[in-house]
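Raw contents of final-v1.cif, mmCIF, C-alpha atoms:
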```
data_protein
loop_
_atom_site.label_atom_id
_atom_site.label_comp_id
_atom_site.auth_asym_id
_atom_site.auth_seq_id
_atom_site.Cartn_x
_atom_site.Cartn_y
_atom_site.Cartn_z
CA MET A 1 8.28 -16.18 -1.60
CA MET A 2 5.66 -13.42 -1.56
CA LYS A 3 2.09 -14.56 -2.27
CA THR A 4 -0.46 -12.09 -3.66
CA LEU A 5 -4.21 -11.82 -4.08
CA PHE A 6 -6.66 -9.31 -5.50
CA VAL A 7 -9.83 -9.57 -3.40
CA ASP A 8 -13.02 -9.34 -5.48
CA ASN A 9 -15.28 -8.25 -2.60
CA GLU A 10 -15.32 -4.62 -1.53
CA ILE A 11 -13.77 -4.05 1.89
CA LYS A 12 -14.08 -0.82 3.86
CA TYR A 13 -10.60 -0.08 5.21
CA GLU A 14 -10.82 1.33 8.75
CA GLY A 15 -7.29 0.74 10.04
CA TRP A 16 -7.99 -2.23 12.31
CA GLN A 17 -7.21 -4.55 9.38
CA LEU A 18 -3.55 -3.62 9.74
CA ALA A 19 -3.05 -6.46 12.21
CA PRO A 20 -0.92 -9.60 12.41
CA HIS A 21 -2.34 -12.57 10.51
CA TRP A 22 -5.29 -10.56 9.11
CA ILE A 23 -4.43 -11.87 5.63
CA TYR A 24 -4.05 -15.45 6.88
CA LYS A 25 -7.28 -15.40 8.91
CA ASN A 26 -9.36 -13.86 6.11
CA PHE A 27 -7.84 -15.28 2.92
CA LYS A 28 -5.97 -18.43 4.08
CA ILE A 29 -2.63 -17.11 2.78
CA GLN A 30 0.10 -18.03 5.24
CA GLY A 31 3.52 -16.37 5.27
CA ASP A 32 4.71 -13.31 3.39
CA ALA A 33 1.69 -11.99 1.52
CA ALA A 34 0.17 -8.92 -0.09
CA VAL A 35 -3.51 -8.40 -0.86
CA ALA A 36 -5.28 -5.61 -2.70
CA PHE A 37 -8.92 -4.61 -2.49
CA VAL A 38 -11.25 -1.73 -3.28
CA GLY A 39 -13.56 0.04 -0.87
CA GLU A 40 -14.23 3.15 1.14
CA CYS A 41 -11.40 4.21 3.45
CA ASP A 42 -12.32 5.77 6.78
CA VAL A 43 -9.58 5.66 9.41
CA LYS A 44 -10.49 7.45 12.62
CA LEU A 45 -7.77 8.81 14.91
CA THR A 46 -8.37 5.96 17.37
CA GLU A 47 -7.26 3.43 14.71
CA MET A 48 -4.30 5.44 13.42
CA VAL A 49 -0.85 3.88 13.51
CA ASP A 50 0.90 7.08 12.39
CA ILE A 51 1.37 9.05 15.62
CA GLU A 52 2.22 12.21 13.68
CA ASP A 53 -1.21 12.10 12.00
CA VAL A 54 -2.85 11.64 15.42
CA ILE A 55 -0.95 14.61 16.89
CA ASN A 56 -1.90 16.72 13.87
CA ASN A 57 -5.54 15.55 14.06
CA GLU A 58 -5.46 14.19 10.48
CA PRO A 59 -7.88 11.30 10.00
CA ILE A 60 -7.96 9.55 6.60
CA TYR A 61 -10.97 9.37 4.33
CA SER A 62 -11.56 8.40 0.71
CA LYS A 63 -14.91 7.61 -0.89
CA SER A 64 -13.20 4.81 -2.84
CA MET A 65 -9.64 3.57 -2.38
CA LEU A 66 -7.46 0.81 -3.77
CA SER A 67 -5.80 -0.60 -0.64
CA PHE A 68 -2.76 -2.84 -0.40
CA ILE A 69 -2.04 -4.65 2.84
CA THR A 70 1.11 -6.69 3.16
CA GLU A 71 2.46 -8.78 6.02
CA GLN A 72 6.08 -9.88 5.96
CA PHE A 73 7.88 -12.00 8.51
CA ASN A 74 11.50 -12.08 9.74
CA VAL A 75 11.98 -8.42 8.82
CA GLY A 76 12.90 -5.49 11.06
CA LEU A 77 11.05 -2.18 11.07
CA VAL A 78 13.70 -0.27 9.10
CA GLU A 79 13.68 -2.94 6.37
CA GLY A 80 9.88 -2.81 6.50
CA VAL A 81 9.98 0.92 5.77
CA PHE A 82 12.38 0.23 2.87
CA ARG A 83 9.86 -2.29 1.54
CA GLN A 84 7.05 0.25 1.96
CA ARG A 85 9.06 2.78 -0.07
CA LEU A 86 9.72 0.10 -2.71
CA LEU A 87 5.96 -0.44 -3.03
CA ILE A 88 5.43 3.32 -3.41
CA CYS A 89 8.13 3.47 -6.12
CA ILE A 90 6.48 0.57 -7.99
CA ILE A 91 3.15 2.43 -7.90
CA LYS A 92 4.89 5.58 -9.15
CA GLU A 93 6.46 3.65 -12.04
CA ALA A 94 3.10 2.09 -12.98
CA LEU A 95 1.53 5.56 -13.14
CA GLU A 96 4.41 7.07 -15.09
CA LYS A 97 4.20 4.20 -17.58
CA ARG A 98 0.68 5.50 -18.26
CA GLY A 99 1.98 9.03 -18.90
CA ILE A 100 1.06 10.48 -15.50
CA LYS A 101 3.57 12.86 -13.93
CA VAL A 102 3.95 11.85 -10.27
CA LEU A 103 5.96 13.40 -7.44
CA ARG A 104 7.13 11.16 -4.57
CA ASP A 105 7.77 12.73 -1.18
CA GLY A 106 8.87 9.98 1.19
CA ASP A 107 6.02 7.48 1.27
CA ASP A 108 3.46 9.82 -0.36
CA LEU A 109 2.63 10.30 -4.04
CA PHE A 110 1.23 13.54 -5.45
CA VAL A 111 -0.18 14.51 -8.84
CA GLU A 112 -0.40 18.25 -9.53
CA ASN A 113 0.14 18.97 -5.81
CA LYS A 114 -2.81 16.77 -4.86
CA LYS A 115 -2.29 13.78 -2.59
CA LEU A 116 -2.90 10.45 -4.30
CA THR A 117 -1.78 7.97 -1.63
CA VAL A 118 -1.59 7.19 2.05
CA SER A 119 0.90 4.71 3.44
CA ILE A 120 2.25 3.38 6.73
CA ALA A 121 4.59 0.62 7.82
CA THR A 122 4.57 -0.75 11.36
CA LYS A 123 5.83 -3.69 13.35
CA SER A 124 3.73 -6.27 15.14
CA LEU A 125 5.11 -8.86 17.56
CA THR A 126 5.55 -11.29 14.66
CA SER A 127 5.80 -9.29 11.44
CA ILE A 128 6.00 -6.07 9.49
CA LEU A 129 2.67 -4.69 8.29
CA ILE A 130 2.21 -2.18 5.48
CA HIS A 131 -0.92 -0.42 4.30
CA THR A 132 -0.79 1.68 1.16
CA GLY A 133 -3.94 3.21 -0.24
CA ILE A 134 -4.44 4.91 -3.59
CA ASN A 135 -7.49 7.14 -3.98
CA ILE A 136 -9.85 5.98 -6.70
CA ASP A 137 -12.44 8.67 -5.99
CA SER A 138 -11.12 11.34 -3.65
CA THR A 139 -14.49 13.02 -3.05
CA GLY A 140 -14.71 14.09 0.59
CA ALA A 141 -11.00 13.68 1.35
CA PRO A 142 -9.87 15.94 4.23
CA VAL A 143 -6.91 17.24 2.15
CA ALA A 144 -6.43 18.32 -1.47
CA ALA A 145 -6.48 14.91 -3.14
CA CYS A 146 -6.84 13.23 -6.51
CA GLY A 147 -8.05 9.80 -7.57
CA LEU A 148 -7.16 7.13 -10.10
CA THR A 149 -10.51 7.15 -11.88
CA ASN A 150 -12.05 10.57 -11.37
CA ASP A 151 -8.80 12.52 -11.98
CA LEU A 152 -6.32 10.25 -13.77
CA GLY A 153 -8.61 8.22 -16.03
CA ILE A 154 -7.52 4.78 -14.79
CA THR A 155 -10.66 2.65 -14.87
CA ASP A 156 -9.39 -0.95 -14.81
CA ILE A 157 -8.50 -0.92 -11.13
CA ARG A 158 -8.13 -4.70 -10.87
CA MET A 159 -5.58 -4.82 -13.70
CA PHE A 160 -3.68 -1.89 -12.18
CA ALA A 161 -3.66 -3.55 -8.73
CA GLU A 162 -2.56 -6.93 -10.06
CA GLU A 163 0.28 -5.29 -11.99
CA ILE A 164 1.53 -3.66 -8.78
CA LEU A 165 1.13 -6.85 -6.71
CA CYS A 166 3.01 -8.88 -9.30
CA LYS A 167 5.86 -6.35 -9.64
CA TYR A 168 6.19 -6.03 -5.85
CA ALA A 169 6.38 -9.79 -5.33
CA GLU A 170 8.83 -10.21 -8.22
CA GLU A 171 11.05 -7.42 -6.92
CA LEU A 172 11.20 -8.80 -3.37
CA ASP A 173 11.84 -12.34 -4.60
CA ASP A 174 14.56 -11.04 -6.96
CA ILE A 175 16.25 -9.14 -4.11
CA VAL A 176 16.48 -12.35 -2.08
CA LEU A 177 17.77 -14.28 -5.10
CA ALA A 178 20.35 -11.57 -5.86
CA SER A 179 21.69 -11.95 -2.32
CA THR A 180 22.48 -15.63 -3.02
CA LYS A 181 24.69 -15.10 -6.07
CA VAL A 182 27.53 -13.15 -4.54
CA ARG A 183 30.67 -14.39 -2.87
CA GLY A 184 31.48 -13.06 0.57
CA VAL A 185 34.61 -10.92 1.00
#
```
Could you render the structure as structure tokens?
Amino acid sequence: MMKTLFVDNEIKYEGWQLAPHWIYKNFKIQGDAAVAFVGECDVKLTEMVDIEDVINNEPIYSKSMLSFITEQFNVGLVEGVFRQRLLICIIKEALEKRGIKVLRDGDDLFVENKKLTVSIATKSLTSILIHTGINIDSTGAPVAACGLTNDLGITDIRMFAEEILCKYAEELDDIVLASTKVRGV
């Protein structure tokens, strides 16, 4: 069962938080978990997990970002990437429900050709780790970007985040449950 938490305190995401047991150590949530928080995002190349971004010299910056970090155990990297894409699709659906036209390209979301999200899935020795960030205020971003509040008019970030956390947890739990109702052939 996936446990979720919206963190009230602002946290600056710098990449090093994408580490095994970061959620457990900081929020006392053991096992499969997803947390969301708001804060500046500033990931230098030295903290990048995405080797392609390092090769292309593409650090990540957002003045204010809604970040999701999830840690999931007993999952391989390919399944972790599937779960990352599921999270992105849930975010896309939440935006479309609000009348926003969104384009998904792999694990990235765009609105009017401006990048709205960053996302990565990786494997630690014990788990799969996912970080997905949604710009709230894209001021100073190194690429053409847009943000939830300053461009899309979404101001209740906590409600938006909790909706995504809840849907993600429900979807993963439902997938596991669905796997128990079929007869083998």
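Using all atoms listed in the file, the nearest neighbour of A:Thr122 within the list A:Asn150, A:Asn135, A:Thr70, A:Ser64 is A:Thr70.
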So that I can see what lies close to stretch 18-33 of chain A, please list as a PDB file with C-alpha atoms, in the coordinates of the input the residues with an atom at most 8 Å from it, counting only C-alpha atoms and leaving out residues fewer than 6 positions away in the same chain.
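Dumped everything to selection.pdb:
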```pdb
ATOM      1  CA  MET A   1       8.280 -16.180  -1.600  1.00  0.00           C
ATOM      2  CA  MET A   2       5.660 -13.420  -1.560  1.00  0.00           C
ATOM      3  CA  LYS A   3       2.090 -14.560  -2.270  1.00  0.00           C
ATOM      4  CA  THR A   4      -0.460 -12.090  -3.660  1.00  0.00           C
ATOM      5  CA  ILE A  69      -2.040  -4.650   2.840  1.00  0.00           C
ATOM      6  CA  THR A  70       1.110  -6.690   3.160  1.00  0.00           C
ATOM      7  CA  GLU A  71       2.460  -8.780   6.020  1.00  0.00           C
ATOM      8  CA  GLN A  72       6.080  -9.880   5.960  1.00  0.00           C
ATOM      9  CA  PHE A  73       7.880 -12.000   8.510  1.00  0.00           C
ATOM     10  CA  SER A 124       3.730  -6.270  15.140  1.00  0.00           C
ATOM     11  CA  LEU A 125       5.110  -8.860  17.560  1.00  0.00           C
ATOM     12  CA  THR A 126       5.550 -11.290  14.660  1.00  0.00           C
ATOM     13  CA  SER A 127       5.800  -9.290  11.440  1.00  0.00           C
ATOM     14  CA  LEU A 129       2.670  -4.690   8.290  1.00  0.00           C
ATOM     15  CA  ILE A 130       2.210  -2.180   5.480  1.00  0.00           C
ATOM     16  CA  HIS A 131      -0.920  -0.420   4.300  1.00  0.00           C
TER      17      HIS A 131
END
```
Residues of stretch 11-98 of chain A that have any atom at most 8 Å from an atom of stretch 102-111 of chain A: could you tabulate them with the shortest-distance atom pair and the distance in Å to one decimal, using only C-alpha atoms, ordered by chain and increasing number, as a Markdown table?
```
| residue | atom | partner | partner_atom | distance |
| --- | --- | --- | --- | --- |
| A:Gln84 | CA | A:Asp107 | CA | 7.3 |
| A:Arg85 | CA | A:Asp107 | CA | 5.8 |
| A:Ile88 | CA | A:Asp107 | CA | 6.3 |
| A:Cys89 | CA | A:Arg104 | CA | 7.9 |
| A:Lys92 | CA | A:Val102 | CA | 6.4 |
| A:Leu95 | CA | A:Val102 | CA | 7.3 |
| A:Glu96 | CA | A:Val102 | CA | 6.8 |
```
Q. Which distance in Å separates atom CA of A:Asp174 and atom CA of A:Lys123, to one decimal?
A. 23.3 Å
Q) Which residues, written as an MDAnalysis selection string, have at least one atom at most 10 Å from A:Ile164, with only C-alpha atoms counted and residues fewer than 5 positions away on the same chain left out? A) chainID A and resid 36 68 87:88 90:94 158:159 169:170
Q) Which residues come within 7 Å of A:Met48, counting only C-alpha atoms, excluding same-chain residues fewer than 5 positions away, as a list in words? A)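 My reading of the contact set: Gly15, Val43 and Val54 of chain A.
The space separating atom CA of A:Leu77 from atom CA of A:Ile120 comes to 11.3 Å.
Going from atom CA of A:Ala121 to atom CA of A:Gly80 covers 6.4 Å.
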(Q) Expand the PyMOL selection byres ((chain A and resi 137) around 7) into the explicit residue set it covers here, and present it as an MDAnalysis selection string. (A) chainID A and resid 62:65 135:136 138:139 147:150
Which residues of stretch 19-132 of chain A have any atom within 10 Å of an atom in stretch 141-146 of chain A when counting all atoms listed in the file, and what is the closest pair of atoms for each, with the distance in Å to one decimal? Order the rows by chain and rising number and write it as CSV.
```
residue,atom,partner,partner_atom,distance
A:Cys41,CA,A:Ala141,CA,9.7
A:Asp42,CA,A:Ala141,CA,9.7
A:Glu58,CA,A:Pro142,CA,7.8
A:Pro59,CA,A:Pro142,CA,7.7
A:Ile60,CA,A:Pro142,CA,7.1
A:Tyr61,CA,A:Ala141,CA,5.2
A:Ser62,CA,A:Ala141,CA,5.3
A:Lys63,CA,A:Ala141,CA,7.6
A:Phe110,CA,A:Cys146,CA,8.1
A:Val111,CA,A:Cys146,CA,7.2
A:Glu112,CA,A:Cys146,CA,8.7
A:Asn113,CA,A:Ala144,CA,7.9
A:Lys114,CA,A:Ala145,CA,4.5
A:Lys115,CA,A:Ala145,CA,4.4
A:Leu116,CA,A:Cys146,CA,5.3
A:Thr117,CA,A:Ala145,CA,8.5
```
Q.
I'd like the residues picked by the PyMOL selection byres ((chain A and resi 8) around 9) written out as a ChimeraX atom specification, using the chain letters and numbers from the file.
A. /A:6-7,9-10,37-38,158
Q.
I need the residue nearest A:Asn74 from this list: A:Asn57, A:Ile134, A:Ile128, A:Ile51. Use all atoms listed in the file for the distance.
A. A:Ile128
